[in-house]
Amino acid sequence: MILVSIRSAIGNYLRATGVAVSDEVSTSFQKFKLQQEPFKLRYFVYEIKDKKTIVIEKQGAREKTYEDLVEELPEKDSRYVLIDLEFESADGRPTSKLVFISWNPDTASIRSKMLYSGSKEVLKSALNGVGIHINATDYSELDFETSILPTVKKFA
């Protein structure tokens with residue numbers, strides 16, 4: 001019963017925007033979770049191509065940082081991000097979490113914001129197992145110390 005409801009909800013989102021997730025996104029995510037070659041990466045940036053398909057736009061090498069990722073996000077257009085975020089837990093141990101970020105800046109066009117907002121659940125369903133989801137509409141909401149880290153630490 002629950003599975004049917006989830007599929008129904010995903011189908012509703014797909015019909016609402018007509019956007020689908022490319023097979024490459026799902027395949028690379030499975031290998032990324034396990035840090036298998038060639039997906040020993042820090043992050044993925046996803047875009048909606050031709051208003052139809054969510055694809056991988058950019059990949060960040062393992063040596064890249066969260067700050068590098070933020071620099072790669074467009075100032076006036078929306079994107080989705082998946083990052084393997086390393087940090088120190090409240091009790092001082094090093095840990096990491098997979099974090100999904102929906103970047104939907106106020107400066108993006110209304111059409112882009114609506115398309116990305118309406119298609120987000122389709123991508124989230126393809127990234128099964130990512131438990132931390134963050135929405136950001138301006139760069140202050142992407143600030144690592146004041147915004148991202150406090151949210152992620154709640155799940156550590």
# chains A, B, ... in the order shown; residues from 1 in each chain; ligands from 1
>>> select_by_dssp(residues="range 71-108 of chain A", states="strand (DSSP E or B)", output="list in words")
Arg79, Tyr80, Val81, Leu82, Ile83, Asp84, Leu85, Glu86, Phe87, Glu88, Pro94, Thr95, Ser96, Lys97, Leu98, Val99, Phe100, Ile101, Ser102 and Trp103 of chain A
>>> residues_around(residues="range 23-25 of chain A", least_positions_apart="3", cutoff="10 Å", atoms="only C-alpha atoms", output="count of residues only")
13
>>> closest_residue(among="A:Asn104, A:Ser109, A:Gln35, A:Ser125", to="Asp84 in chain A", atoms="only C-alpha atoms")
A:Gln35
>>> closest_residue(among="A:Thr95, A:Ser22, A:Ser89, A:Ser117", to="Thr137 in chain A", atoms="only C-alpha atoms")
A:Ser117
>>> select_by_dssp(residues="chain A", states="alpha helix (DSSP H)", output="JSON, numbers by chain")
{"A": [2, 3, 4, 5, 6, 7, 8, 9, 10, 11, 12, 13, 14, 15, 16, 17, 23, 24, 25, 26, 27, 28, 29, 30, 31, 32, 33, 66, 67, 68, 69, 70, 71, 72, 110, 111, 112, 113, 114, 115, 116, 117, 118, 119, 120, 121, 122, 123, 124, 125, 126, 149, 150, 151, 152, 153]}
>>> residues_around(residues="range 74-79 of chain A", least_positions_apart="3", cutoff="10 Å", atoms="only C-alpha atoms", output="NGL selection string")
:A and (45-48 or 54 or 57 or 70-71 or 101-110 or 112-117 or 120 or 136-139)
>>> residues_around(residues="Lys64 in chain A", least_positions_apart="5", cutoff="12 Å", atoms="only C-alpha atoms", output="VMD selection string")
chain A and resid 40 to 44 59 69 to 72 83 to 86
>>> decode(residues="range 100-130 of chain A", atoms="N, CA, C and O atoms", output="PDB file, in the first residue's frame")
ATOM      1  N   PHE A 100      21.662  16.451   0.165  1.00  0.00           N
ATOM      2  CA  PHE A 100      21.019  16.944  -1.052  1.00  0.00           C
ATOM      3  C   PHE A 100      20.657  18.408  -0.827  1.00  0.00           C
ATOM      4  O   PHE A 100      20.027  18.746   0.170  1.00  0.00           O
ATOM      5  N   ILE A 101      21.068  19.264  -1.748  1.00  0.00           N
ATOM      6  CA  ILE A 101      20.753  20.697  -1.656  1.00  0.00           C
ATOM      7  C   ILE A 101      19.995  21.113  -2.904  1.00  0.00           C
ATOM      8  O   ILE A 101      20.430  20.839  -4.021  1.00  0.00           O
ATOM      9  N   SER A 102      18.881  21.754  -2.692  1.00  0.00           N
ATOM     10  CA  SER A 102      18.123  22.344  -3.793  1.00  0.00           C
ATOM     11  C   SER A 102      18.458  23.830  -3.817  1.00  0.00           C
ATOM     12  O   SER A 102      18.098  24.571  -2.902  1.00  0.00           O
ATOM     13  N   TRP A 103      19.195  24.249  -4.837  1.00  0.00           N
ATOM     14  CA  TRP A 103      19.600  25.651  -5.003  1.00  0.00           C
ATOM     15  C   TRP A 103      18.602  26.316  -5.938  1.00  0.00           C
ATOM     16  O   TRP A 103      18.548  26.018  -7.123  1.00  0.00           O
ATOM     17  N   ASN A 104      17.775  27.174  -5.373  1.00  0.00           N
ATOM     18  CA  ASN A 104      16.721  27.841  -6.119  1.00  0.00           C
ATOM     19  C   ASN A 104      16.765  29.331  -5.763  1.00  0.00           C
ATOM     20  O   ASN A 104      15.928  29.823  -5.007  1.00  0.00           O
ATOM     21  N   PRO A 105      17.767  30.049  -6.289  1.00  0.00           N
ATOM     22  CA  PRO A 105      17.993  31.436  -5.837  1.00  0.00           C
ATOM     23  C   PRO A 105      16.847  32.382  -6.207  1.00  0.00           C
ATOM     24  O   PRO A 105      16.179  32.204  -7.226  1.00  0.00           O
ATOM     25  N   ASP A 106      16.665  33.353  -5.361  1.00  0.00           N
ATOM     26  CA  ASP A 106      15.645  34.381  -5.611  1.00  0.00           C
ATOM     27  C   ASP A 106      15.875  35.092  -6.941  1.00  0.00           C
ATOM     28  O   ASP A 106      14.938  35.606  -7.544  1.00  0.00           O
ATOM     29  N   THR A 107      17.121  35.126  -7.398  1.00  0.00           N
ATOM     30  CA  THR A 107      17.470  35.824  -8.637  1.00  0.00           C
ATOM     31  C   THR A 107      17.172  35.008  -9.900  1.00  0.00           C
ATOM     32  O   THR A 107      17.290  35.524 -11.001  1.00  0.00           O
ATOM     33  N   ALA A 108      16.782  33.739  -9.742  1.00  0.00           N
ATOM     34  CA  ALA A 108      16.443  32.903 -10.902  1.00  0.00           C
ATOM     35  C   ALA A 108      15.092  33.338 -11.466  1.00  0.00           C
ATOM     36  O   ALA A 108      14.272  33.954 -10.773  1.00  0.00           O
ATOM     37  N   SER A 109      14.854  32.987 -12.719  1.00  0.00           N
ATOM     38  CA  SER A 109      13.564  33.323 -13.327  1.00  0.00           C
ATOM     39  C   SER A 109      12.450  32.522 -12.653  1.00  0.00           C
ATOM     40  O   SER A 109      12.690  31.444 -12.097  1.00  0.00           O
ATOM     41  N   ILE A 110      11.260  33.043 -12.692  1.00  0.00           N
ATOM     42  CA  ILE A 110      10.119  32.353 -12.091  1.00  0.00           C
ATOM     43  C   ILE A 110       9.929  30.988 -12.739  1.00  0.00           C
ATOM     44  O   ILE A 110       9.685  29.996 -12.047  1.00  0.00           O
ATOM     45  N   ARG A 111      10.077  30.908 -14.033  1.00  0.00           N
ATOM     46  CA  ARG A 111       9.930  29.625 -14.747  1.00  0.00           C
ATOM     47  C   ARG A 111      10.927  28.585 -14.219  1.00  0.00           C
ATOM     48  O   ARG A 111      10.586  27.447 -13.968  1.00  0.00           O
ATOM     49  N   SER A 112      12.179  28.998 -14.064  1.00  0.00           N
ATOM     50  CA  SER A 112      13.220  28.092 -13.563  1.00  0.00           C
ATOM     51  C   SER A 112      12.901  27.649 -12.132  1.00  0.00           C
ATOM     52  O   SER A 112      12.997  26.463 -11.810  1.00  0.00           O
ATOM     53  N   LYS A 113      12.518  28.594 -11.296  1.00  0.00           N
ATOM     54  CA  LYS A 113      12.202  28.256  -9.905  1.00  0.00           C
ATOM     55  C   LYS A 113      11.050  27.269  -9.824  1.00  0.00           C
ATOM     56  O   LYS A 113      11.089  26.314  -9.046  1.00  0.00           O
ATOM     57  N   MET A 114      10.025  27.475 -10.632  1.00  0.00           N
ATOM     58  CA  MET A 114       8.871  26.571 -10.622  1.00  0.00           C
ATOM     59  C   MET A 114       9.255  25.190 -11.153  1.00  0.00           C
ATOM     60  O   MET A 114       8.843  24.173 -10.594  1.00  0.00           O
ATOM     61  N   LEU A 115      10.041  25.138 -12.215  1.00  0.00           N
ATOM     62  CA  LEU A 115      10.451  23.867 -12.797  1.00  0.00           C
ATOM     63  C   LEU A 115      11.290  23.061 -11.804  1.00  0.00           C
ATOM     64  O   LEU A 115      11.047  21.865 -11.589  1.00  0.00           O
ATOM     65  N   TYR A 116      12.250  23.707 -11.171  1.00  0.00           N
ATOM     66  CA  TYR A 116      13.117  23.009 -10.219  1.00  0.00           C
ATOM     67  C   TYR A 116      12.354  22.622  -8.944  1.00  0.00           C
ATOM     68  O   TYR A 116      12.558  21.535  -8.416  1.00  0.00           O
ATOM     69  N   SER A 117      11.480  23.481  -8.471  1.00  0.00           N
ATOM     70  CA  SER A 117      10.683  23.141  -7.280  1.00  0.00           C
ATOM     71  C   SER A 117       9.759  21.965  -7.555  1.00  0.00           C
ATOM     72  O   SER A 117       9.635  21.054  -6.734  1.00  0.00           O
ATOM     73  N   GLY A 118       9.128  21.964  -8.714  1.00  0.00           N
ATOM     74  CA  GLY A 118       8.184  20.911  -9.054  1.00  0.00           C
ATOM     75  C   GLY A 118       8.823  19.591  -9.424  1.00  0.00           C
ATOM     76  O   GLY A 118       8.164  18.554  -9.417  1.00  0.00           O
ATOM     77  N   SER A 119      10.115  19.605  -9.739  1.00  0.00           N
ATOM     78  CA  SER A 119      10.807  18.388 -10.173  1.00  0.00           C
ATOM     79  C   SER A 119      11.712  17.793  -9.099  1.00  0.00           C
ATOM     80  O   SER A 119      12.262  16.709  -9.276  1.00  0.00           O
ATOM     81  N   LYS A 120      11.867  18.471  -8.000  1.00  0.00           N
ATOM     82  CA  LYS A 120      12.797  18.054  -6.948  1.00  0.00           C
ATOM     83  C   LYS A 120      12.510  16.650  -6.423  1.00  0.00           C
ATOM     84  O   LYS A 120      13.430  15.845  -6.231  1.00  0.00           O
ATOM     85  N   GLU A 121      11.250  16.307  -6.213  1.00  0.00           N
ATOM     86  CA  GLU A 121      10.908  15.005  -5.636  1.00  0.00           C
ATOM     87  C   GLU A 121      11.282  13.849  -6.549  1.00  0.00           C
ATOM     88  O   GLU A 121      11.607  12.762  -6.077  1.00  0.00           O
ATOM     89  N   VAL A 122      11.245  14.067  -7.846  1.00  0.00           N
ATOM     90  CA  VAL A 122      11.624  13.021  -8.795  1.00  0.00           C
ATOM     91  C   VAL A 122      13.101  12.671  -8.603  1.00  0.00           C
ATOM     92  O   VAL A 122      13.475  11.496  -8.571  1.00  0.00           O
ATOM     93  N   LEU A 123      13.948  13.686  -8.458  1.00  0.00           N
ATOM     94  CA  LEU A 123      15.370  13.440  -8.238  1.00  0.00           C
ATOM     95  C   LEU A 123      15.613  12.834  -6.860  1.00  0.00           C
ATOM     96  O   LEU A 123      16.385  11.887  -6.724  1.00  0.00           O
ATOM     97  N   LYS A 124      14.953  13.361  -5.846  1.00  0.00           N
ATOM     98  CA  LYS A 124      15.132  12.821  -4.500  1.00  0.00           C
ATOM     99  C   LYS A 124      14.793  11.332  -4.451  1.00  0.00           C
ATOM    100  O   LYS A 124      15.462  10.562  -3.757  1.00  0.00           O
ATOM    101  N   SER A 125      13.786  10.911  -5.197  1.00  0.00           N
ATOM    102  CA  SER A 125      13.422   9.495  -5.203  1.00  0.00           C
ATOM    103  C   SER A 125      14.499   8.651  -5.886  1.00  0.00           C
ATOM    104  O   SER A 125      14.711   7.497  -5.530  1.00  0.00           O
ATOM    105  N   ALA A 126      15.220   9.221  -6.848  1.00  0.00           N
ATOM    106  CA  ALA A 126      16.308   8.501  -7.515  1.00  0.00           C
ATOM    107  C   ALA A 126      17.551   8.422  -6.631  1.00  0.00           C
ATOM    108  O   ALA A 126      18.381   7.538  -6.803  1.00  0.00           O
ATOM    109  N   LEU A 127      17.670   9.355  -5.685  1.00  0.00           N
ATOM    110  CA  LEU A 127      18.810   9.378  -4.768  1.00  0.00           C
ATOM    111  C   LEU A 127      18.406   8.726  -3.449  1.00  0.00           C
ATOM    112  O   LEU A 127      18.507   9.322  -2.371  1.00  0.00           O
ATOM    113  N   ASN A 128      17.958   7.516  -3.538  1.00  0.00           N
ATOM    114  CA  ASN A 128      17.436   6.775  -2.392  1.00  0.00           C
ATOM    115  C   ASN A 128      18.506   6.594  -1.316  1.00  0.00           C
ATOM    116  O   ASN A 128      19.598   6.128  -1.604  1.00  0.00           O
ATOM    117  N   GLY A 129      18.189   6.977  -0.101  1.00  0.00           N
ATOM    118  CA  GLY A 129      19.116   6.826   1.004  1.00  0.00           C
ATOM    119  C   GLY A 129      19.740   8.126   1.472  1.00  0.00           C
ATOM    120  O   GLY A 129      20.438   8.152   2.475  1.00  0.00           O
ATOM    121  N   VAL A 130      19.504   9.213   0.754  1.00  0.00           N
ATOM    122  CA  VAL A 130      20.022  10.516   1.182  1.00  0.00           C
ATOM    123  C   VAL A 130      19.010  11.098   2.163  1.00  0.00           C
ATOM    124  O   VAL A 130      17.884  11.401   1.790  1.00  0.00           O
TER     125      VAL A 130
END
